[in-house]
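Reviewing the structure listed below.
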Amino acid sequence: LRMVSTAPMDNEPVSDEELRPHILDGFIGQPRLKAQLQLFLDAAKKREVPPDHILLAGPPGLGKTTLAMIVANELEVPIRVTSGPAIQHAGDLASILSSLDAGEVLFIDEIHRLPRAAEELLYIAMEDFRVDVMVGKGPGASSIPLTLPRFTVIGATTREGMLPSPLRARFGFTAHLDFYPIEELEKLITRSARVLGLELAQGSAIQMASRSRGTPRIANRLLRRVRDWALVHDLEIVEPQDVQDALALYQIDTEGLDRLDIAVLNAIVNNFQGGPVGLNNLAAMVGEEQETIETVCEPYLVREGFLMRTPRGRMATRKAWEHLGMQPPEDASN
Ligand code: ADP
């Protein structure tokens, strides 16, 4: 999946690591999910067996990888990380599976992108802790069943609906991550600022939180840009006005919308008179994959009241017209 973000930050090296919490307590927000997961882990520890497989579903940047690492850390087991697109053949997966230690966590990001044959191999392994290893080629080939120690798969997906049901059924616990409310992002930014050694004045964190598109990854990114600003301007403490100045320089949208969000709204409003427009036409107009628009862009736009999904297609709301600085038509929806 292509990561879509606000323009000046697209090329930032992956630096999620330093800001990742390592224990469940340090994970901000999502209280229900945390309570469920805590119980699930405590039970596994008491039973002294690896917990059931876990599926984490939700848009990018909301903490799926972080949660997977926390789970492994809380269970005090190693974690192996791979992803759907990284596994090209079933054999790639077979060799990972056959090298897992007892209790190990196998994290599979973008699990909905596994090739079909690998999917089948995976759900057998998840259910029966067995993998058939192919030996030889052609008519002489044979498969040798190999028993695996118990392990835990943590799958992450931005498209739960694309997982075939036999695979989905192998997960004992599914967690849905949703966009974070501003107060939670404010806490997250405050925590990250402490980790980065940046002092924020009262009211500064919320300036970043409200522009973070409900997404921790974006919140941390904005914070880093503000940190750069503070460094260059020799600020000991960052005031709300500094945050505004810094983020204005980067042309961060006041509602946190990113380039793709704006492109989508622009297309609906300017090319399709506000809609309704079908997803395929919309995708063609903004030059982006349908999947990206559907999973990355739309959930947030719908939630924030910029976009409506109707049986006839996507429509821009009054709020969208106004955000683009345009006069909504008389009959625009709210
Ligand atoms: P995903 O795997 O869903 O794309 P990540 O787990 O990589 O997202 O999270 C992106 C960044 O946001 C990481 O730096 C992570 O530490 C941070 N983050 C995400 N969720 C939280 C949270 N609930 N509390 C604290 N930090 C978080």
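Quick note on naming: the chains in the structure tokens go A, B, ... in the order shown, residues restart at 1 in each chain, and ligands are numbered from 1 in order of appearance.
Within the 8 Å cut-off around Ser143 of chain A, using only C-alpha atoms and omitting residues fewer than 4 positions from it on the same chain, the listed residues are Asp132, Val133, Met134 and Val135 of chain A.
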What do you get as a list in words if you pick all residues at most 6 Å from ligand 1, counting only C-alpha atoms and all ligand atoms?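 Listed by chain and ascending number, the contacts are Asp16, Glu17, Leu19, Arg20, Pro21, Phe27, Ile28, Gly29, Pro60, Gly61, Leu62, Gly63, Lys64, Thr65, Thr66, Leu188, Pro216 and Arg217 of chain A.
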For those residues, write C-alpha atoms to a file as a CSV table (one decimal), in the first residue's frame.
```
chain,number,residue,atom,x,y,z
A,16,ASP,CA,8.6,5.6,13.9
A,17,GLU,CA,10.8,3.5,16.2
A,19,LEU,CA,8.4,7.1,19.5
A,20,ARG,CA,6.9,3.7,19.8
A,21,PRO,CA,5.6,2.8,23.3
A,27,PHE,CA,-0.2,3.0,24.3
A,28,ILE,CA,-2.4,6.1,24.1
A,29,GLY,CA,-6.1,6.0,23.7
A,60,PRO,CA,-2.4,3.2,8.2
A,61,GLY,CA,-0.6,5.0,11.0
A,62,LEU,CA,-3.0,4.1,13.8
A,63,GLY,CA,-0.8,1.8,15.8
A,64,LYS,CA,-1.1,-1.7,14.4
A,65,THR,CA,2.7,-2.4,14.2
A,66,THR,CA,3.1,-0.8,17.6
A,188,LEU,CA,0.3,11.4,22.4
A,216,PRO,CA,-0.7,9.1,15.5
A,217,ARG,CA,1.9,8.8,12.8
```
Just how far from atom CA of Val238 of chain A is atom CA of Gln202 of chain A, in Å to one decimal?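 According to the coordinates, atom CA of Gln202 of chain A and atom CA of Val238 of chain A are separated by 8.9 Å.
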Might you pull out every residue within 12 Å of segment 221-223 of chain A, with only C-alpha atoms counted and same-chain residues fewer than 5 positions away left off, and present them as a ChimeraX atom specification? /A:5-16,19,61,185-186,188-200,204-213,215-216,228-230,238,242-244,246-253,256
As a PyMOL selection string, list the residues of segment 148-285 of chain A assigned to alpha helix (DSSP H) by DSSP on the backbone atoms of this structure. chain A and resi 165-168+182-196+204-209+216-232+240-249+259-266+279-285
DSSP says strand (DSSP E or B) for which residues of segment 217-314 of chain A? Put them as a ChimeraX atom specification? /A:238,277,307-310,313-314
Would you save the residues from that selection as an mmCIF file, in the first residue's frame, using N, CA and C atoms?
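Listed below is the output, again_2.cif:
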```cif
data_model
loop_
_atom_site.group_PDB
_atom_site.id
_atom_site.type_symbol
_atom_site.label_atom_id
_atom_site.label_comp_id
_atom_site.auth_asym_id
_atom_site.auth_seq_id
_atom_site.Cartn_x
_atom_site.Cartn_y
_atom_site.Cartn_z
ATOM 1 N N VAL A 238 8.014 25.937 23.304
ATOM 2 C CA VAL A 238 7.263 26.172 22.077
ATOM 3 C C VAL A 238 5.856 26.676 22.405
ATOM 4 N N VAL A 277 -20.550 10.741 -7.524
ATOM 5 C CA VAL A 277 -19.607 10.191 -8.496
ATOM 6 C C VAL A 277 -19.134 8.822 -8.004
ATOM 7 N N LEU A 307 -17.510 14.177 3.321
ATOM 8 C CA LEU A 307 -17.902 13.322 2.202
ATOM 9 C C LEU A 307 -19.034 12.406 2.654
ATOM 10 N N MET A 308 -19.940 12.135 1.711
ATOM 11 C CA MET A 308 -20.996 11.167 2.005
ATOM 12 C C MET A 308 -20.940 10.055 0.978
ATOM 13 N N ARG A 309 -21.141 8.843 1.455
ATOM 14 C CA ARG A 309 -21.276 7.727 0.521
ATOM 15 C C ARG A 309 -22.762 7.475 0.346
ATOM 16 N N THR A 310 -23.227 7.555 -0.873
ATOM 17 C CA THR A 310 -24.648 7.285 -1.125
ATOM 18 C C THR A 310 -24.711 6.125 -2.115
ATOM 19 N N GLY A 313 -23.220 7.067 -5.311
ATOM 20 C CA GLY A 313 -21.817 7.460 -5.393
ATOM 21 C C GLY A 313 -21.433 8.422 -4.283
ATOM 22 N N ARG A 314 -20.224 8.959 -4.408
ATOM 23 C CA ARG A 314 -19.708 9.859 -3.380
ATOM 24 C C ARG A 314 -20.167 11.289 -3.617
#
```
Quick one: everything within 7 Å of Pro59 of chain A, counting only C-alpha atoms, minus sequence neighbours fewer than 6 positions away in the same chain. Send it as a PDB file with C-alpha atoms, in the first residue's frame.
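This is the output file result-v6.pdb:
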```
ATOM      1  CA  THR A 158      -6.171  -1.886   6.105  1.00  0.00           C
ATOM      2  CA  THR A 295      -9.173   2.762   2.743  1.00  0.00           C
ATOM      3  CA  VAL A 296      -6.949   5.757   3.441  1.00  0.00           C
TER       4      VAL A 296
END
```
What's around Lys34 of chain A at 12 Å? Count only C-alpha atoms, leave out sequence neighbours fewer than 5 positions away in its own chain, and write the answer as an MDAnalysis selection string. chainID A and resid 23:29 39:42 63 67 70:71 175:177
Could you save the residues just selected, with N, CA and C atoms, as a short mmCIF file (atom, residue, chain, number, x, y, z; two decimals), in the first residue's frame?
```cif
data_model
loop_
_atom_site.label_atom_id
_atom_site.label_comp_id
_atom_site.auth_asym_id
_atom_site.auth_seq_id
_atom_site.Cartn_x
_atom_site.Cartn_y
_atom_site.Cartn_z
N ILE A 23 5.08 -0.81 26.12
CA ILE A 23 4.14 -1.58 26.94
C ILE A 23 2.73 -1.04 26.72
N LEU A 24 1.77 -1.89 27.01
CA LEU A 24 0.38 -1.55 26.73
C LEU A 24 -0.03 -0.26 27.45
N ASP A 25 0.50 -0.07 28.64
CA ASP A 25 0.20 1.15 29.39
C ASP A 25 0.62 2.42 28.66
N GLY A 26 1.69 2.30 27.89
CA GLY A 26 2.19 3.48 27.17
C GLY A 26 1.43 3.76 25.89
N PHE A 27 0.60 2.83 25.47
CA PHE A 27 -0.19 3.00 24.25
C PHE A 27 -1.34 3.95 24.57
N ILE A 28 -1.40 5.06 23.82
CA ILE A 28 -2.38 6.10 24.14
C ILE A 28 -3.74 5.76 23.52
N GLY A 29 -4.79 6.06 24.27
CA GLY A 29 -6.13 5.97 23.70
C GLY A 29 -6.65 4.56 23.52
N LEU A 39 -6.72 -8.33 28.86
CA LEU A 39 -7.35 -9.55 29.38
C LEU A 39 -6.88 -10.78 28.60
N PHE A 40 -6.86 -10.60 27.30
CA PHE A 40 -6.46 -11.66 26.39
C PHE A 40 -5.02 -12.12 26.69
N LEU A 41 -4.14 -11.15 26.94
CA LEU A 41 -2.75 -11.49 27.23
C LEU A 41 -2.59 -12.10 28.62
N ASP A 42 -3.31 -11.52 29.59
CA ASP A 42 -3.24 -12.05 30.95
C ASP A 42 -3.69 -13.51 30.99
N GLY A 63 -1.39 2.53 14.69
CA GLY A 63 -0.75 1.81 15.79
C GLY A 63 -0.79 0.29 15.69
N LEU A 67 1.20 -2.05 18.29
CA LEU A 67 0.50 -3.02 19.15
C LEU A 67 1.12 -4.41 19.03
N ILE A 70 4.14 -4.46 21.07
CA ILE A 70 3.80 -4.45 22.49
C ILE A 70 3.38 -5.85 22.95
N VAL A 71 2.58 -6.51 22.14
CA VAL A 71 2.13 -7.86 22.50
C VAL A 71 3.33 -8.78 22.71
N ALA A 175 -9.14 -6.80 16.46
CA ALA A 175 -9.25 -5.45 17.00
C ALA A 175 -9.38 -4.46 15.85
N HIS A 176 -10.34 -3.57 15.99
CA HIS A 176 -10.52 -2.53 14.98
C HIS A 176 -9.99 -1.22 15.52
N LEU A 177 -9.02 -0.67 14.85
CA LEU A 177 -8.50 0.63 15.29
C LEU A 177 -9.20 1.72 14.52
#
```
Show me, as a list in words, the residues that have an atom within 6 Å of His53 of chain A when counting only C-alpha atoms, minus same-chain residues fewer than 3 positions from it.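 Final neighbour list, sorted by chain and number: Thr152, Val153, Ile154, Phe171 and Gly172 of chain A.
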Write out as a PDB file with N, CA and C atoms, in the first residue's frame each polymer residue whose atoms come within 12 Å of Ile79 of chain A, counting only C-alpha atoms; drop sequence neighbours fewer than 3 positions from it.
```
ATOM      1  N   THR A  65       1.307  -1.831  13.989  1.00  0.00           N
ATOM      2  CA  THR A  65       2.652  -2.389  14.197  1.00  0.00           C
ATOM      3  C   THR A  65       3.082  -2.220  15.648  1.00  0.00           C
ATOM      4  N   THR A  66       2.774  -1.051  16.189  1.00  0.00           N
ATOM      5  CA  THR A  66       3.124  -0.768  17.581  1.00  0.00           C
ATOM      6  C   THR A  66       2.478  -1.778  18.519  1.00  0.00           C
ATOM      7  N   LEU A  67       1.201  -2.053  18.291  1.00  0.00           N
ATOM      8  CA  LEU A  67       0.500  -3.024  19.148  1.00  0.00           C
ATOM      9  C   LEU A  67       1.120  -4.407  19.034  1.00  0.00           C
ATOM     10  N   ALA A  68       1.480  -4.794  17.826  1.00  0.00           N
ATOM     11  CA  ALA A  68       2.079  -6.120  17.633  1.00  0.00           C
ATOM     12  C   ALA A  68       3.373  -6.225  18.447  1.00  0.00           C
ATOM     13  N   MET A  69       4.158  -5.158  18.424  1.00  0.00           N
ATOM     14  CA  MET A  69       5.420  -5.187  19.168  1.00  0.00           C
ATOM     15  C   MET A  69       5.173  -5.186  20.667  1.00  0.00           C
ATOM     16  N   ILE A  70       4.145  -4.459  21.067  1.00  0.00           N
ATOM     17  CA  ILE A  70       3.795  -4.446  22.493  1.00  0.00           C
ATOM     18  C   ILE A  70       3.376  -5.846  22.955  1.00  0.00           C
ATOM     19  N   VAL A  71       2.584  -6.513  22.139  1.00  0.00           N
ATOM     20  CA  VAL A  71       2.131  -7.860  22.499  1.00  0.00           C
ATOM     21  C   VAL A  71       3.335  -8.784  22.711  1.00  0.00           C
ATOM     22  N   ALA A  72       4.265  -8.764  21.766  1.00  0.00           N
ATOM     23  CA  ALA A  72       5.438  -9.628  21.891  1.00  0.00           C
ATOM     24  C   ALA A  72       6.233  -9.267  23.142  1.00  0.00           C
ATOM     25  N   ASN A  73       6.365  -7.974  23.367  1.00  0.00           N
ATOM     26  CA  ASN A  73       7.113  -7.495  24.513  1.00  0.00           C
ATOM     27  C   ASN A  73       6.446  -7.910  25.827  1.00  0.00           C
ATOM     28  N   GLU A  74       5.124  -7.758  25.883  1.00  0.00           N
ATOM     29  CA  GLU A  74       4.390  -8.124  27.096  1.00  0.00           C
ATOM     30  C   GLU A  74       4.467  -9.632  27.354  1.00  0.00           C
ATOM     31  N   LEU A  75       4.515 -10.393  26.277  1.00  0.00           N
ATOM     32  CA  LEU A  75       4.600 -11.849  26.428  1.00  0.00           C
ATOM     33  C   LEU A  75       6.044 -12.312  26.611  1.00  0.00           C
ATOM     34  N   GLU A  76       6.957 -11.352  26.448  1.00  0.00           N
ATOM     35  CA  GLU A  76       8.383 -11.649  26.522  1.00  0.00           C
ATOM     36  C   GLU A  76       8.804 -12.732  25.544  1.00  0.00           C
ATOM     37  N   THR A  82       7.072  -9.618   8.883  1.00  0.00           N
ATOM     38  CA  THR A  82       7.054  -9.711   7.419  1.00  0.00           C
ATOM     39  C   THR A  82       5.774  -9.031   6.934  1.00  0.00           C
ATOM     40  N   ILE A  96       9.638 -19.374   6.576  1.00  0.00           N
ATOM     41  CA  ILE A  96       9.522 -18.558   7.801  1.00  0.00           C
ATOM     42  C   ILE A  96       8.855 -19.385   8.903  1.00  0.00           C
ATOM     43  N   LEU A 100      10.195 -20.831  12.992  1.00  0.00           N
ATOM     44  CA  LEU A 100       9.711 -20.123  14.185  1.00  0.00           C
ATOM     45  C   LEU A 100       9.994 -20.915  15.453  1.00  0.00           C
ATOM     46  N   ASP A 101      10.360 -20.173  16.489  1.00  0.00           N
ATOM     47  CA  ASP A 101      10.537 -20.817  17.794  1.00  0.00           C
ATOM     48  C   ASP A 101       9.191 -20.905  18.507  1.00  0.00           C
ATOM     49  N   ALA A 102       9.133 -21.769  19.487  1.00  0.00           N
ATOM     50  CA  ALA A 102       7.895 -21.918  20.264  1.00  0.00           C
ATOM     51  C   ALA A 102       7.516 -20.588  20.895  1.00  0.00           C
ATOM     52  N   GLY A 103       6.250 -20.216  20.732  1.00  0.00           N
ATOM     53  CA  GLY A 103       5.745 -19.008  21.374  1.00  0.00           C
ATOM     54  C   GLY A 103       6.017 -17.722  20.619  1.00  0.00           C
ATOM     55  N   GLU A 104       6.828 -17.807  19.586  1.00  0.00           N
ATOM     56  CA  GLU A 104       7.197 -16.598  18.856  1.00  0.00           C
ATOM     57  C   GLU A 104       5.974 -15.923  18.220  1.00  0.00           C
ATOM     58  N   VAL A 105       6.065 -14.587  18.087  1.00  0.00           N
ATOM     59  CA  VAL A 105       5.018 -13.851  17.386  1.00  0.00           C
ATOM     60  C   VAL A 105       5.464 -13.637  15.942  1.00  0.00           C
ATOM     61  N   LEU A 106       4.577 -13.991  15.016  1.00  0.00           N
ATOM     62  CA  LEU A 106       4.839 -13.694  13.599  1.00  0.00           C
ATOM     63  C   LEU A 106       3.918 -12.566  13.190  1.00  0.00           C
ATOM     64  N   PHE A 107       4.499 -11.395  12.901  1.00  0.00           N
ATOM     65  CA  PHE A 107       3.697 -10.239  12.500  1.00  0.00           C
ATOM     66  C   PHE A 107       3.653 -10.156  10.979  1.00  0.00           C
ATOM     67  N   ILE A 108       2.461 -10.211  10.426  1.00  0.00           N
ATOM     68  CA  ILE A 108       2.308 -10.107   8.971  1.00  0.00           C
ATOM     69  C   ILE A 108       1.522  -8.844   8.654  1.00  0.00           C
ATOM     70  N   PHE A 151       2.680 -21.002  17.992  1.00  0.00           N
ATOM     71  CA  PHE A 151       3.135 -19.617  17.841  1.00  0.00           C
ATOM     72  C   PHE A 151       1.902 -18.752  17.673  1.00  0.00           C
ATOM     73  N   THR A 152       2.106 -17.445  17.644  1.00  0.00           N
ATOM     74  CA  THR A 152       0.980 -16.528  17.492  1.00  0.00           C
ATOM     75  C   THR A 152       1.171 -15.658  16.257  1.00  0.00           C
ATOM     76  N   VAL A 153       0.195 -15.697  15.371  1.00  0.00           N
ATOM     77  CA  VAL A 153       0.225 -14.790  14.222  1.00  0.00           C
ATOM     78  C   VAL A 153      -0.494 -13.496  14.602  1.00  0.00           C
ATOM     79  N   ILE A 154       0.146 -12.366  14.332  1.00  0.00           N
ATOM     80  CA  ILE A 154      -0.574 -11.098  14.399  1.00  0.00           C
ATOM     81  C   ILE A 154      -0.623 -10.541  12.992  1.00  0.00           C
TER      82      ILE A 154
END
```
